[in-house]
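Asks: Before I ask anything, here is the structure I am working with.
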Amino acid sequence: MRSSTIRAWSWVHTWSSLISTLFLLMLCITGLPLVFTHEIEHWLLDETWAPANPDGERLDLDQVLDAALSRHPGEVPAFMSFDTDRPVVNVTSQAPDAPAGVYTFQPIDQTSGEAAPLVAGHPVMEFILQLHTDMFLGLPGMLFLGLMGLMLVAAVVSGVVLYAPFMRRLPFGTVRQERSARTRWLDWHNLAGITTVAWVLVVGGTGVVNTLAVPIIAHWKDTALADLAAAYSAPVALDERASLDAAVERAKAALPGRQLQFVAFPGSDYSTDNHYAVFFHGDTPLTTHLTTPALIDARTGELAAVSPMPWYVKALSLSQPLHFGDYGGLGLKIVWAILDVITIVILVSGLYLWVVRRRRAP
């Protein structure tokens, strides 16, 4: 490799790293507890609860919806999800004049229609997740962190390119203990970087994809659901909507063998203004993260379409568990955490090497 080429790659590696280091450190530090979100919240929020009538007949979904909306008159339903380990239906609603993203979340005991304990994230974990996701800046914050993720990818690729000429006279993995502190840190920095390169690229790449969730879903609605959205000239009114329970049963018949995940009501982010979008997922470690919606006409209750998700939405669905190692049990999470700590060492050592070099430059 020519010396001019090496200098160019070195410039890319240095500045892509420096620009993103502080934000990547924040992401690595906040990402460490997020890897163990389920375990931490189970420890912090472990509560015993029993349904009011465990052996009684369960309310249908229309009755559950009425029970939830009666507690907040004037609000319109946005989503309905279903607990897997207790007879609870979670109803998410929104006031017509509420700001975007501000919802009312109500768990309803399906055996009585009464409110069930709210199983939500611990406030500390919710704070860490929000900081990790968008730094409390919404979509601009997400897109900015996506840009930092691209900087990380550029730093890793340039580091791999520079590793070969740097190590051409040294055996792989050499750490020159007899040399100065700066040289030892450089060797450890290079060794840690080259041995974790695949993991860092996977986590960085999936993180970039996750930051594009909002535009990805918006594009899906504007393309895959465009024909359905154009079928009506005006949104369906609340008093014109067909039975929700019947709509879900019709969706189950259209997608047999799938697990019911959630319902998006007309006008919500995951549906059109005139359809119930009933989402299902599979029951294998892979397909449990892949959803398929059945669109039910909210006026007639008839099946309008089964709309398999396009590749870019599937990529988003798979990137979320892959980013946090949330698909292989506690053992994989521990591996993720160890690699996260190594990445923190790489970032800190890289910053240290740059500072030392700047001091020695004169």
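So you can find residues: chains in the structure tokens are A, B, ... in the order shown, residues in each start at 1, and ligands are numbered from 1 in order.
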Mind checking which residues fall within 6 Å of stretch 154-166 of chain A, counting only C-alpha atoms, ignoring those fewer than 6 positions away in the same chain, and posting them as a list in words?

Replies: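 Neighbouring residues, sequence-local ones excluded: Trp9, His13, Ser16 and Ser17 of chain A.
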
Asks: Leaving out stretch 333-335 of chain A and any residue of its chain fewer than 4 positions from it, which residues lie within 10 Å of it when counting only C-alpha atoms, given as an mmCIF file with all heavy atoms, in the first residue's frame?

Replies:
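The file below, result-v6.cif, is the result:
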```
data_model
loop_
_atom_site.group_PDB
_atom_site.id
_atom_site.type_symbol
_atom_site.label_atom_id
_atom_site.label_comp_id
_atom_site.auth_asym_id
_atom_site.auth_seq_id
_atom_site.Cartn_x
_atom_site.Cartn_y
_atom_site.Cartn_z
ATOM 1 N N LEU A 32 -24.968 -1.253 28.004
ATOM 2 C CA LEU A 32 -24.576 -2.352 28.887
ATOM 3 C C LEU A 32 -25.733 -2.814 29.781
ATOM 4 O O LEU A 32 -26.062 -4.010 29.800
ATOM 5 C CB LEU A 32 -23.363 -1.930 29.713
ATOM 6 C CG LEU A 32 -22.587 -3.036 30.421
ATOM 7 C CD1 LEU A 32 -22.121 -4.095 29.442
ATOM 8 C CD2 LEU A 32 -21.393 -2.435 31.158
ATOM 9 N N LEU A 34 -28.875 -2.159 29.250
ATOM 10 C CA LEU A 34 -30.011 -2.482 28.386
ATOM 11 C C LEU A 34 -29.934 -3.915 27.864
ATOM 12 O O LEU A 34 -30.970 -4.509 27.537
ATOM 13 C CB LEU A 34 -30.075 -1.494 27.212
ATOM 14 C CG LEU A 34 -30.469 -0.058 27.571
ATOM 15 C CD1 LEU A 34 -30.380 0.846 26.348
ATOM 16 C CD2 LEU A 34 -31.875 -0.006 28.174
ATOM 17 N N VAL A 35 -28.729 -4.478 27.776
ATOM 18 C CA VAL A 35 -28.603 -5.883 27.375
ATOM 19 C C VAL A 35 -29.367 -6.781 28.347
ATOM 20 O O VAL A 35 -29.955 -7.792 27.963
ATOM 21 C CB VAL A 35 -27.115 -6.283 27.304
ATOM 22 C CG1 VAL A 35 -26.961 -7.795 27.128
ATOM 23 C CG2 VAL A 35 -26.428 -5.552 26.154
ATOM 24 N N PHE A 36 -29.371 -6.389 29.623
ATOM 25 C CA PHE A 36 -30.012 -7.201 30.668
ATOM 26 C C PHE A 36 -31.326 -6.568 31.131
ATOM 27 O O PHE A 36 -31.709 -6.706 32.291
ATOM 28 C CB PHE A 36 -29.066 -7.352 31.859
ATOM 29 C CG PHE A 36 -27.750 -8.001 31.518
ATOM 30 C CD1 PHE A 36 -26.606 -7.232 31.346
ATOM 31 C CD2 PHE A 36 -27.672 -9.376 31.351
ATOM 32 C CE1 PHE A 36 -25.397 -7.825 31.036
ATOM 33 C CE2 PHE A 36 -26.462 -9.977 31.033
ATOM 34 C CZ PHE A 36 -25.322 -9.211 30.869
ATOM 35 N N PHE A 324 -29.199 -6.015 20.717
ATOM 36 C CA PHE A 324 -29.007 -6.205 22.148
ATOM 37 C C PHE A 324 -28.717 -7.665 22.522
ATOM 38 O O PHE A 324 -28.658 -7.989 23.714
ATOM 39 C CB PHE A 324 -30.238 -5.723 22.922
ATOM 40 C CG PHE A 324 -30.423 -4.233 22.893
ATOM 41 C CD1 PHE A 324 -31.440 -3.658 22.142
ATOM 42 C CD2 PHE A 324 -29.578 -3.398 23.603
ATOM 43 C CE1 PHE A 324 -31.609 -2.281 22.112
ATOM 44 C CE2 PHE A 324 -29.734 -2.018 23.580
ATOM 45 C CZ PHE A 324 -30.757 -1.457 22.834
ATOM 46 N N GLY A 325 -28.550 -8.539 21.543
ATOM 47 C CA GLY A 325 -28.299 -9.936 21.849
ATOM 48 C C GLY A 325 -29.473 -10.616 22.517
ATOM 49 O O GLY A 325 -29.307 -11.571 23.283
ATOM 50 N N ASP A 326 -30.676 -10.135 22.226
ATOM 51 C CA ASP A 326 -31.869 -10.594 22.930
ATOM 52 C C ASP A 326 -32.560 -11.726 22.150
ATOM 53 O O ASP A 326 -33.743 -11.637 21.835
ATOM 54 C CB ASP A 326 -32.838 -9.417 23.134
ATOM 55 C CG ASP A 326 -33.956 -9.762 24.092
ATOM 56 O OD1 ASP A 326 -33.825 -10.743 24.830
ATOM 57 O OD2 ASP A 326 -34.981 -9.043 24.084
ATOM 58 N N TYR A 327 -31.840 -12.766 21.847
ATOM 59 C CA TYR A 327 -32.450 -13.884 21.128
ATOM 60 C C TYR A 327 -31.789 -15.218 21.463
ATOM 61 O O TYR A 327 -32.193 -16.251 20.945
ATOM 62 C CB TYR A 327 -32.365 -13.656 19.604
ATOM 63 C CG TYR A 327 -30.949 -13.583 19.073
ATOM 64 C CD1 TYR A 327 -30.299 -14.717 18.616
ATOM 65 C CD2 TYR A 327 -30.274 -12.378 19.040
ATOM 66 C CE1 TYR A 327 -28.998 -14.651 18.144
ATOM 67 C CE2 TYR A 327 -28.981 -12.299 18.565
ATOM 68 C CZ TYR A 327 -28.355 -13.433 18.118
ATOM 69 O OH TYR A 327 -27.060 -13.370 17.655
ATOM 70 N N GLY A 328 -30.775 -15.228 22.337
ATOM 71 C CA GLY A 328 -30.060 -16.459 22.631
ATOM 72 C C GLY A 328 -29.909 -16.747 24.104
ATOM 73 O O GLY A 328 -29.011 -17.491 24.493
ATOM 74 N N GLY A 329 -30.762 -16.170 24.941
ATOM 75 C CA GLY A 329 -30.698 -16.457 26.359
ATOM 76 C C GLY A 329 -29.638 -15.657 27.087
ATOM 77 O O GLY A 329 -28.945 -14.808 26.524
ATOM 78 N N LEU A 339 -18.238 -8.081 25.195
ATOM 79 C CA LEU A 339 -17.799 -7.386 23.984
ATOM 80 C C LEU A 339 -18.074 -5.884 24.066
ATOM 81 O O LEU A 339 -17.306 -5.076 23.531
ATOM 82 C CB LEU A 339 -18.494 -8.002 22.764
ATOM 83 C CG LEU A 339 -18.063 -9.438 22.437
ATOM 84 C CD1 LEU A 339 -18.985 -10.053 21.393
ATOM 85 C CD2 LEU A 339 -16.620 -9.468 21.951
ATOM 86 N N ASP A 340 -19.147 -5.526 24.743
ATOM 87 C CA ASP A 340 -19.445 -4.107 24.953
ATOM 88 C C ASP A 340 -18.351 -3.452 25.788
ATOM 89 O O ASP A 340 -17.887 -2.345 25.466
ATOM 90 C CB ASP A 340 -20.804 -3.981 25.653
ATOM 91 C CG ASP A 340 -21.310 -2.545 25.707
ATOM 92 O OD1 ASP A 340 -20.561 -1.686 26.200
ATOM 93 O OD2 ASP A 340 -22.438 -2.288 25.269
#
```

Asks: Neighbours of A:His275 within 12 Å (only C-alpha atoms; same-chain residues fewer than 4 positions away dropped), as number ranges by chain?

Replies: A: 78, 225, 228-232, 235-238, 240-244, 247-248, 251, 263-271, 293-306

Asks: For the residues in the current selection, export N, CA and C atoms as a short mmCIF file (atom, residue, chain, number, x, y, z; two decimals), in the first residue's frame.

Replies:
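Final output, part-v6.cif:
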```
data_model
loop_
_atom_site.label_atom_id
_atom_site.label_comp_id
_atom_site.auth_asym_id
_atom_site.auth_seq_id
_atom_site.Cartn_x
_atom_site.Cartn_y
_atom_site.Cartn_z
N ALA A 78 -55.64 3.52 20.03
CA ALA A 78 -54.53 3.51 19.08
C ALA A 78 -53.99 2.09 18.89
N LEU A 225 -49.42 0.10 1.86
CA LEU A 225 -50.82 0.33 2.24
C LEU A 225 -51.46 1.46 1.44
N LEU A 228 -54.93 0.58 -0.11
CA LEU A 228 -55.97 0.47 0.90
C LEU A 228 -56.35 1.84 1.45
N ALA A 229 -55.34 2.70 1.63
CA ALA A 229 -55.61 4.04 2.15
C ALA A 229 -56.44 4.87 1.19
N ALA A 230 -56.29 4.60 -0.11
CA ALA A 230 -57.01 5.39 -1.12
C ALA A 230 -58.43 4.90 -1.36
N ALA A 231 -58.82 3.80 -0.72
CA ALA A 231 -60.14 3.22 -0.99
C ALA A 231 -61.27 4.09 -0.43
N TYR A 232 -60.98 4.90 0.58
CA TYR A 232 -62.00 5.74 1.19
C TYR A 232 -61.55 7.19 1.15
N PRO A 235 -61.73 9.28 6.87
CA PRO A 235 -61.46 8.28 7.91
C PRO A 235 -62.76 7.74 8.50
N VAL A 236 -62.71 6.50 8.94
CA VAL A 236 -63.88 5.89 9.55
C VAL A 236 -64.10 6.50 10.93
N ALA A 237 -65.35 6.86 11.22
CA ALA A 237 -65.68 7.43 12.53
C ALA A 237 -65.78 6.32 13.57
N LEU A 238 -65.66 6.71 14.84
CA LEU A 238 -65.71 5.72 15.92
C LEU A 238 -67.03 4.95 15.92
N GLU A 240 -68.84 4.20 13.49
CA GLU A 240 -69.03 3.43 12.26
C GLU A 240 -68.22 2.14 12.25
N ARG A 241 -67.41 1.94 13.28
CA ARG A 241 -66.49 0.81 13.26
C ARG A 241 -67.18 -0.50 13.59
N ALA A 242 -66.78 -1.54 12.87
CA ALA A 242 -67.31 -2.88 13.10
C ALA A 242 -66.71 -3.47 14.37
N SER A 243 -67.23 -4.62 14.78
CA SER A 243 -66.78 -5.27 16.00
C SER A 243 -65.29 -5.58 15.93
N LEU A 244 -64.54 -5.14 16.94
CA LEU A 244 -63.11 -5.45 17.02
C LEU A 244 -62.89 -6.94 17.23
N ALA A 247 -63.32 -8.76 14.09
CA ALA A 247 -62.22 -8.46 13.17
C ALA A 247 -60.99 -9.29 13.50
N VAL A 248 -60.68 -9.42 14.78
CA VAL A 248 -59.52 -10.22 15.18
C VAL A 248 -59.74 -11.69 14.85
N ALA A 251 -59.12 -12.15 11.25
CA ALA A 251 -57.69 -12.11 10.97
C ALA A 251 -57.03 -13.43 11.35
N VAL A 263 -52.90 -5.17 17.93
CA VAL A 263 -53.84 -4.59 16.97
C VAL A 263 -53.55 -3.10 16.87
N ALA A 264 -53.44 -2.61 15.65
CA ALA A 264 -53.31 -1.17 15.41
C ALA A 264 -54.65 -0.66 14.90
N PHE A 265 -55.20 0.34 15.57
CA PHE A 265 -56.52 0.85 15.22
C PHE A 265 -56.42 1.84 14.06
N PRO A 266 -57.54 2.12 13.40
CA PRO A 266 -57.54 3.10 12.31
C PRO A 266 -56.95 4.43 12.76
N GLY A 267 -56.08 4.99 11.91
CA GLY A 267 -55.46 6.27 12.20
C GLY A 267 -54.17 6.20 12.97
N SER A 268 -53.75 5.00 13.40
CA SER A 268 -52.50 4.87 14.15
C SER A 268 -51.32 4.73 13.20
N ASP A 269 -50.12 4.70 13.76
CA ASP A 269 -48.92 4.68 12.94
C ASP A 269 -48.79 3.40 12.11
N TYR A 270 -49.39 2.31 12.57
CA TYR A 270 -49.20 1.02 11.90
C TYR A 270 -50.43 0.59 11.10
N SER A 271 -51.32 1.51 10.82
CA SER A 271 -52.51 1.15 10.05
C SER A 271 -52.92 2.33 9.17
N PRO A 293 -49.22 -8.52 9.16
CA PRO A 293 -50.52 -7.97 9.51
C PRO A 293 -51.62 -8.43 8.55
N ALA A 294 -52.79 -8.64 9.15
CA ALA A 294 -54.01 -8.82 8.35
C ALA A 294 -54.81 -7.53 8.49
N LEU A 295 -55.14 -6.90 7.36
CA LEU A 295 -55.89 -5.64 7.37
C LEU A 295 -57.38 -5.94 7.25
N ILE A 296 -58.14 -5.50 8.24
CA ILE A 296 -59.59 -5.72 8.28
C ILE A 296 -60.29 -4.38 8.08
N ASP A 297 -61.20 -4.34 7.13
CA ASP A 297 -61.97 -3.12 6.88
C ASP A 297 -62.76 -2.77 8.14
N ALA A 298 -62.50 -1.59 8.70
CA ALA A 298 -63.12 -1.20 9.96
C ALA A 298 -64.60 -0.89 9.81
N ARG A 299 -65.09 -0.66 8.60
CA ARG A 299 -66.50 -0.39 8.39
C ARG A 299 -67.31 -1.68 8.25
N THR A 300 -66.76 -2.63 7.50
CA THR A 300 -67.52 -3.85 7.20
C THR A 300 -67.07 -5.05 8.00
N GLY A 301 -65.87 -5.01 8.55
CA GLY A 301 -65.35 -6.18 9.27
C GLY A 301 -64.81 -7.26 8.36
N GLU A 302 -64.75 -6.97 7.05
CA GLU A 302 -64.27 -7.97 6.09
C GLU A 302 -62.75 -7.88 5.94
N LEU A 303 -62.16 -9.00 5.57
CA LEU A 303 -60.72 -9.03 5.33
C LEU A 303 -60.40 -8.22 4.09
N ALA A 304 -59.52 -7.22 4.24
CA ALA A 304 -59.15 -6.39 3.10
C ALA A 304 -57.87 -6.88 2.44
N ALA A 305 -56.91 -7.33 3.24
CA ALA A 305 -55.64 -7.80 2.68
C ALA A 305 -54.81 -8.44 3.77
N VAL A 306 -53.98 -9.38 3.37
CA VAL A 306 -52.89 -9.88 4.21
C VAL A 306 -51.62 -9.33 3.60
#
```

Asks: Got a sec to tell me which of stretch 248-325 of chain A DSSP assigns to strand (DSSP E or B), as JSON, numbers by chain?

Replies: {"A": [259, 260, 261, 262, 263, 264, 275, 276, 277, 278, 279, 280, 281, 291, 292, 293, 294, 295, 296, 297, 303, 304, 305, 306]}

Asks: Taking the backbone alone, and naming residues the way the document does, which bits of stretch 41-226 of chain A are helix (DSSP H, G or I) by DSSP, as a PyMOL selection string?

Replies: chain A and resi 41-44+61-70+123-134+138-166+181-195+197-211+213-223+226

Asks: Have a look at atom CA of A:Thr14 and atom CA of A:Leu137 and let me know their distance in Å, one decimal.

Replies: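 According to the coordinates, atom CA of A:Thr14 and atom CA of A:Leu137 are separated by 27.5 Å.
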
Asks: For A:Ala50, which residue among A:Ala115, A:Ile338, A:Leu27, A:Leu170 is the nearest when counting only C-alpha atoms?

Replies: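 Distance minimum relative to A:Ala50 lands on A:Ala115.
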
Asks: Please provide as a list in words all residues within 12 Å of A:Thr292, with the sequence filter that same-chain residues fewer than 4 positions apart are discarded (counting only C-alpha atoms).

Replies: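 Near neighbours after the sequence-gap exclusion: Ala251, Lys252, Ala254, Leu255, Pro256, Arg258, Gln259, Leu260, Gln261, Phe262, Val263, Tyr270, Ala277, Val278, Phe279, Phe280, His281, Gly282, Thr287, Thr288, Ala305, Val306, Ser307, Pro308, Met309, Pro310, Val313, Lys314 and Ser317 of chain A.
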
Asks: How would the residues just picked look written out with N, CA and C atoms as a PDB file, in the first residue's frame?

Replies:
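The resulting result_16.pdb:
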```pdb
ATOM      1  N   ALA A 251     -59.121 -12.145  11.247  1.00  0.00           N
ATOM      2  CA  ALA A 251     -57.692 -12.115  10.966  1.00  0.00           C
ATOM      3  C   ALA A 251     -57.034 -13.432  11.348  1.00  0.00           C
ATOM      4  N   LYS A 252     -57.440 -14.029  12.466  1.00  0.00           N
ATOM      5  CA  LYS A 252     -56.892 -15.326  12.873  1.00  0.00           C
ATOM      6  C   LYS A 252     -57.198 -16.399  11.837  1.00  0.00           C
ATOM      7  N   ALA A 254     -57.504 -15.890   8.697  1.00  0.00           N
ATOM      8  CA  ALA A 254     -56.697 -15.619   7.507  1.00  0.00           C
ATOM      9  C   ALA A 254     -55.239 -16.014   7.702  1.00  0.00           C
ATOM     10  N   LEU A 255     -54.774 -16.028   8.953  1.00  0.00           N
ATOM     11  CA  LEU A 255     -53.375 -16.380   9.244  1.00  0.00           C
ATOM     12  C   LEU A 255     -53.340 -17.465  10.317  1.00  0.00           C
ATOM     13  N   PRO A 256     -53.755 -18.679   9.989  1.00  0.00           N
ATOM     14  CA  PRO A 256     -53.783 -19.746  10.998  1.00  0.00           C
ATOM     15  C   PRO A 256     -52.359 -20.150  11.411  1.00  0.00           C
ATOM     16  N   ARG A 258     -50.461 -18.715  13.554  1.00  0.00           N
ATOM     17  CA  ARG A 258     -49.637 -17.598  14.005  1.00  0.00           C
ATOM     18  C   ARG A 258     -50.084 -17.152  15.395  1.00  0.00           C
ATOM     19  N   GLN A 259     -49.194 -16.439  16.066  1.00  0.00           N
ATOM     20  CA  GLN A 259     -49.481 -15.930  17.406  1.00  0.00           C
ATOM     21  C   GLN A 259     -49.908 -14.466  17.314  1.00  0.00           C
ATOM     22  N   LEU A 260     -51.055 -14.158  17.948  1.00  0.00           N
ATOM     23  CA  LEU A 260     -51.553 -12.781  17.953  1.00  0.00           C
ATOM     24  C   LEU A 260     -50.603 -11.893  18.767  1.00  0.00           C
ATOM     25  N   GLN A 261     -50.179 -10.765  18.195  1.00  0.00           N
ATOM     26  CA  GLN A 261     -49.241  -9.882  18.878  1.00  0.00           C
ATOM     27  C   GLN A 261     -49.896  -8.570  19.302  1.00  0.00           C
ATOM     28  N   PHE A 262     -50.436  -7.801  18.344  1.00  0.00           N
ATOM     29  CA  PHE A 262     -51.097  -6.557  18.718  1.00  0.00           C
ATOM     30  C   PHE A 262     -52.025  -6.122  17.595  1.00  0.00           C
ATOM     31  N   VAL A 263     -52.900  -5.173  17.928  1.00  0.00           N
ATOM     32  CA  VAL A 263     -53.839  -4.592  16.975  1.00  0.00           C
ATOM     33  C   VAL A 263     -53.546  -3.100  16.873  1.00  0.00           C
ATOM     34  N   TYR A 270     -49.387   2.312  12.566  1.00  0.00           N
ATOM     35  CA  TYR A 270     -49.203   1.024  11.900  1.00  0.00           C
ATOM     36  C   TYR A 270     -50.430   0.588  11.100  1.00  0.00           C
ATOM     37  N   ALA A 277     -55.428  -3.129  11.762  1.00  0.00           N
ATOM     38  CA  ALA A 277     -54.261  -3.920  11.365  1.00  0.00           C
ATOM     39  C   ALA A 277     -53.965  -4.883  12.502  1.00  0.00           C
ATOM     40  N   VAL A 278     -54.198  -6.171  12.256  1.00  0.00           N
ATOM     41  CA  VAL A 278     -54.016  -7.197  13.284  1.00  0.00           C
ATOM     42  C   VAL A 278     -52.700  -7.915  12.991  1.00  0.00           C
ATOM     43  N   PHE A 279     -51.737  -7.772  13.895  1.00  0.00           N
ATOM     44  CA  PHE A 279     -50.391  -8.282  13.663  1.00  0.00           C
ATOM     45  C   PHE A 279     -50.187  -9.625  14.355  1.00  0.00           C
ATOM     46  N   PHE A 280     -49.533 -10.525  13.632  1.00  0.00           N
ATOM     47  CA  PHE A 280     -49.212 -11.854  14.146  1.00  0.00           C
ATOM     48  C   PHE A 280     -47.713 -12.102  13.983  1.00  0.00           C
ATOM     49  N   HIS A 281     -47.180 -12.999  14.811  1.00  0.00           N
ATOM     50  CA  HIS A 281     -45.792 -13.429  14.651  1.00  0.00           C
ATOM     51  C   HIS A 281     -45.716 -14.940  14.774  1.00  0.00           C
ATOM     52  N   GLY A 282     -44.559 -15.498  14.396  1.00  0.00           N
ATOM     53  CA  GLY A 282     -44.368 -16.935  14.491  1.00  0.00           C
ATOM     54  C   GLY A 282     -43.981 -17.365  15.892  1.00  0.00           C
ATOM     55  N   THR A 287     -38.848 -16.435  13.805  1.00  0.00           N
ATOM     56  CA  THR A 287     -40.113 -15.863  13.345  1.00  0.00           C
ATOM     57  C   THR A 287     -40.864 -15.109  14.439  1.00  0.00           C
ATOM     58  N   THR A 288     -40.456 -15.283  15.706  1.00  0.00           N
ATOM     59  CA  THR A 288     -41.136 -14.520  16.754  1.00  0.00           C
ATOM     60  C   THR A 288     -40.875 -13.028  16.620  1.00  0.00           C
ATOM     61  N   ALA A 305     -56.912  -7.327   3.241  1.00  0.00           N
ATOM     62  CA  ALA A 305     -55.639  -7.798   2.677  1.00  0.00           C
ATOM     63  C   ALA A 305     -54.809  -8.442   3.774  1.00  0.00           C
ATOM     64  N   VAL A 306     -53.977  -9.379   3.368  1.00  0.00           N
ATOM     65  CA  VAL A 306     -52.890  -9.884   4.209  1.00  0.00           C
ATOM     66  C   VAL A 306     -51.621  -9.332   3.595  1.00  0.00           C
ATOM     67  N   SER A 307     -50.902  -8.522   4.350  1.00  0.00           N
ATOM     68  CA  SER A 307     -49.807  -7.749   3.782  1.00  0.00           C
ATOM     69  C   SER A 307     -48.474  -8.161   4.403  1.00  0.00           C
ATOM     70  N   PRO A 308     -47.796  -9.166   3.824  1.00  0.00           N
ATOM     71  CA  PRO A 308     -46.479  -9.545   4.354  1.00  0.00           C
ATOM     72  C   PRO A 308     -45.532  -8.353   4.340  1.00  0.00           C
ATOM     73  N   MET A 309     -44.725  -8.263   5.371  1.00  0.00           N
ATOM     74  CA  MET A 309     -43.818  -7.135   5.495  1.00  0.00           C
ATOM     75  C   MET A 309     -42.723  -7.201   4.432  1.00  0.00           C
ATOM     76  N   PRO A 310     -42.370  -6.073   3.804  1.00  0.00           N
ATOM     77  CA  PRO A 310     -41.264  -6.054   2.835  1.00  0.00           C
ATOM     78  C   PRO A 310     -39.933  -6.280   3.535  1.00  0.00           C
ATOM     79  N   VAL A 313     -38.636  -3.784   6.299  1.00  0.00           N
ATOM     80  CA  VAL A 313     -39.291  -3.860   7.604  1.00  0.00           C
ATOM     81  C   VAL A 313     -38.830  -5.116   8.344  1.00  0.00           C
ATOM     82  N   LYS A 314     -38.635  -6.216   7.608  1.00  0.00           N
ATOM     83  CA  LYS A 314     -38.097  -7.420   8.235  1.00  0.00           C
ATOM     84  C   LYS A 314     -36.697  -7.169   8.777  1.00  0.00           C
ATOM     85  N   SER A 317     -37.096  -5.414  12.005  1.00  0.00           N
ATOM     86  CA  SER A 317     -37.586  -6.311  13.054  1.00  0.00           C
ATOM     87  C   SER A 317     -36.475  -7.207  13.590  1.00  0.00           C
TER      88      SER A 317
END
```
